[in-house]
There are 4 protein chains.
Amino acid sequence: MELNKIVEMQIKMDESHGFPVHFPTIQEKYRQLTKDLVGLFGEIGEFSNIVKKVNIKLDRPNEYPFELPEAENHLKEELVDSLIYIIRIGAILGIDLQAETLEKMRKNESRYAQLRRN
Amino acid sequence: MELNKIVEMQIKMDESHGFPVHFPTIQEKYRQLTKDLVGLFGEIGEFSNIVKKVNIKLDRPNEYPFELPEAENHLKEELVDSLIYIIRIGAILGIDLQAETLEKMRKNESRYAQLRRN
Amino acid sequence: MELNKIVEMQIKMDESHGFPVHFPTIQEKYRQLTKDLVGLFGEIGEFSNIVKKVNIKLDRPNEYPFELPEAENHLKEELVDSLIYIIRIGAILGIDLQAETLEKMRKNESRYAQLRRN
Amino acid sequence: MELNKIVEMQIKMDESHGFPVHFPTIQEKYRQLTKDLVGLFGEIGEFSNIVKKVNIKLDRPNEYPFELPEAENHLKEELVDSLIYIIRIGAILGIDLQAETLEKMRKNESRYAQLRRN
């Protein structure tokens, strides 16, 4: 599915749940954006906590009970939750996330051209 | 463009720059994932620094020199850079980001059904 | 208690639990520092998740079940856990955290002198 | 210097610069706390960006120009800035940071007793 279509679906759902992305004043816009940024920190923090545990498990395999396949399932969920917050924050900012991402990828391609190995 | 296609393009570019997403051992996989997670923190931190300044400007409009349109351009760039790290981390984990995002959106739709206002 | 004494106690305890702060190579030093940075992120993420919930509760007092005193207890714990990671990361870097903090406070005092209101 | 004394000095300075830590309503308290959490994130993000560069330099010593001693000076500054935000957020929450940290260290000592190696 087009990234833009995913964004559109997510925003429509957020709005129907009482979480708008358009605001009458710039104060309200940044108040909500700041809250959603904290939400994004929360998701990346949950992701980080799982990575921390995987790393301890890899360093101390015998001391530390931990199921890697289950951890990877949780990592997947937290990463997707982080992406959903990024979509939401982009919509509050009025960004065309798909166009901007493609544009940045083109810029990176030129910028890192000297690193290219193939 | 399909989210999956964007992911594929990004990963191909990363690999050509010497930043692989496939690793021979789980130790190397998580070593790189941990580094890329730190890269993601860096991008979200840059985004946060701009949001911080916008918030100070909105609280103290006369005391603090600051150009909002320029700030919003930077926010756009940092958000896209964050998305690119999420794409990269998802590829290291072997996640189908598009399918998983759509799946999570369906789950959220049921989960928050009681909040629906229209 | 002196901040330096708290640091010393924390590091001694970490070392007795098999989490050293001194490493034979710079590679190992930064490998551990990178892992502890992910740990710090996890704690700040947990803190952020509670702040997120407090904010939703304040916006929607009737819709959302939530106990503020309990939330503030958790915030306290997560903040202290974050501080402990900062102490640990500082020790890995070999920083005199107390001296450096006092030095930075002096710098900030000059830097923000024009904001002083009393 | 006592951690509590450092906290007291920092808060007095913040207040004189127009950044209070006491608020007439819980809404205003959490609005400021949320903004300072974004500020903390910014500092940890700057710290992370430097760690990212150190890691790339260690992986690719010949490809990447980078001065480690200078990087470590920046890391020191960003870590101290992060600590100052933690002090500030603790004051907004009304936490006795010194007492709570010592209390948490005592709890961790019991909790991780089975890991003790000496």
# chains A, B, ... in the order shown; residues from 1 in each chain; ligands from 1
>>> closest_atom_pairs(of="segment 1-117 of chain D", to="segment 23-40 of chain C", cutoff="10 Å", atoms="only C-alpha atoms", output="JSON lines")
{"residue": "D:Ile44", "atom": "CA", "partner": "C:Leu37", "partner_atom": "CA", "distance": 8.7}
{"residue": "D:Phe47", "atom": "CA", "partner": "C:Leu37", "partner_atom": "CA", "distance": 9.1}
{"residue": "D:Ser48", "atom": "CA", "partner": "C:Leu37", "partner_atom": "CA", "distance": 7.7}
{"residue": "D:Val51", "atom": "CA", "partner": "C:Thr34", "partner_atom": "CA", "distance": 7.1}
{"residue": "D:Lys52", "atom": "CA", "partner": "C:Thr34", "partner_atom": "CA", "distance": 8.5}
{"residue": "D:Val54", "atom": "CA", "partner": "C:Tyr30", "partner_atom": "CA", "distance": 7.9}
{"residue": "D:Asn55", "atom": "CA", "partner": "C:Tyr30", "partner_atom": "CA", "distance": 7.1}
{"residue": "D:Leu58", "atom": "CA", "partner": "C:Gln27", "partner_atom": "CA", "distance": 6.8}
{"residue": "D:Asp59", "atom": "CA", "partner": "C:Gln27", "partner_atom": "CA", "distance": 8.9}
>>> interface_residues(of="chain B", to="chain A", cutoff="7 Å", atoms="only C-alpha atoms", output="PDB file with C-alpha atoms, in the first residue's frame")
ATOM      1  CA  MET B   1       4.820   4.740  -3.625  1.00  0.00           C
ATOM      2  CA  GLU B   2       4.283   1.507  -1.700  1.00  0.00           C
ATOM      3  CA  LEU B   3       5.863   1.647   1.761  1.00  0.00           C
ATOM      4  CA  SER B  16      25.748  -0.047  -1.333  1.00  0.00           C
ATOM      5  CA  HIS B  17      27.157   2.433   1.233  1.00  0.00           C
ATOM      6  CA  GLY B  18      28.559  -0.335   3.407  1.00  0.00           C
ATOM      7  CA  GLN B  27      25.566 -10.932  18.079  1.00  0.00           C
ATOM      8  CA  LEU B  58       5.457  30.571  21.757  1.00  0.00           C
ATOM      9  CA  LYS B  76      10.328  18.023   8.541  1.00  0.00           C
ATOM     10  CA  VAL B  80      12.049  12.036   7.813  1.00  0.00           C
ATOM     11  CA  ILE B  95      10.030  -7.038   9.656  1.00  0.00           C
ATOM     12  CA  GLU B 100       2.749  -5.078  10.299  1.00  0.00           C
ATOM     13  CA  THR B 101       1.647  -1.441  10.315  1.00  0.00           C
ATOM     14  CA  LEU B 115     -13.582   6.179  21.922  1.00  0.00           C
ATOM     15  CA  ARG B 116     -15.122   6.563  18.483  1.00  0.00           C
ATOM     16  CA  ARG B 117     -17.138   9.773  18.230  1.00  0.00           C
ATOM     17  CA  ASN B 118     -18.547   9.602  14.726  1.00  0.00           C
TER      18      ASN B 118
END
>>> atom_distance(atom1="atom CA of Arg60 of chain D", atom2="atom CA of His74 of chain B")
28.8 Å
>>> atom_distance(atom1="atom CA of Asn49 of chain A", atom2="atom CA of Val7 of chain D")
28.3 Å
>>> atom_distance(atom1="atom CA of Ala91 of chain B", atom2="atom CA of Pro20 of chain B")
9.6 Å
>>> residues_around(residues="Glu67 of chain B", least_positions_apart="2", cutoff="10 Å", atoms="only C-alpha atoms", output="CSV table (one decimal) with N, CA, C and O atoms, in the first residue's frame")
chain,number,residue,atom,x,y,z
B,53,LYS,N,12.6,24.7,21.2
B,53,LYS,CA,12.7,26.1,20.8
B,53,LYS,C,11.4,26.8,20.4
B,53,LYS,O,11.1,27.9,20.7
B,54,VAL,N,10.6,26.0,19.6
B,54,VAL,CA,9.3,26.5,19.2
B,54,VAL,C,8.5,26.8,20.4
B,54,VAL,O,7.8,27.9,20.6
B,57,LYS,N,9.6,29.9,22.2
B,57,LYS,CA,9.2,31.1,21.3
B,57,LYS,C,7.7,31.4,21.6
B,57,LYS,O,7.3,32.6,21.7
B,64,TYR,N,12.7,36.2,22.5
B,64,TYR,CA,13.4,35.1,21.9
B,64,TYR,C,13.4,35.1,20.4
B,64,TYR,O,12.3,35.0,19.8
B,65,PRO,N,14.5,35.4,19.7
B,65,PRO,CA,14.5,35.5,18.3
B,65,PRO,C,14.4,34.1,17.7
B,65,PRO,O,15.2,33.2,18.1
B,69,PRO,N,8.9,29.4,10.3
B,69,PRO,CA,8.9,28.7,9.0
B,69,PRO,C,10.2,27.9,8.9
B,69,PRO,O,10.2,26.7,8.4
B,70,GLU,N,11.3,28.5,9.2
B,70,GLU,CA,12.6,27.8,9.1
B,70,GLU,C,12.6,26.6,10.1
B,70,GLU,O,13.1,25.5,9.7
B,71,ALA,N,12.1,26.8,11.3
B,71,ALA,CA,12.0,25.7,12.3
B,71,ALA,C,11.2,24.5,11.7
B,71,ALA,O,11.6,23.3,11.8
B,72,GLU,N,10.1,24.9,11.0
B,72,GLU,CA,9.2,23.8,10.5
B,72,GLU,C,9.9,23.0,9.4
B,72,GLU,O,9.7,21.8,9.2
>>> select_by_dssp(residues="segment 6-115 of chain D", states="alpha helix (DSSP H)", output="PyMOL selection string")
chain D and resi 6-16+26-59+68-93+97-111
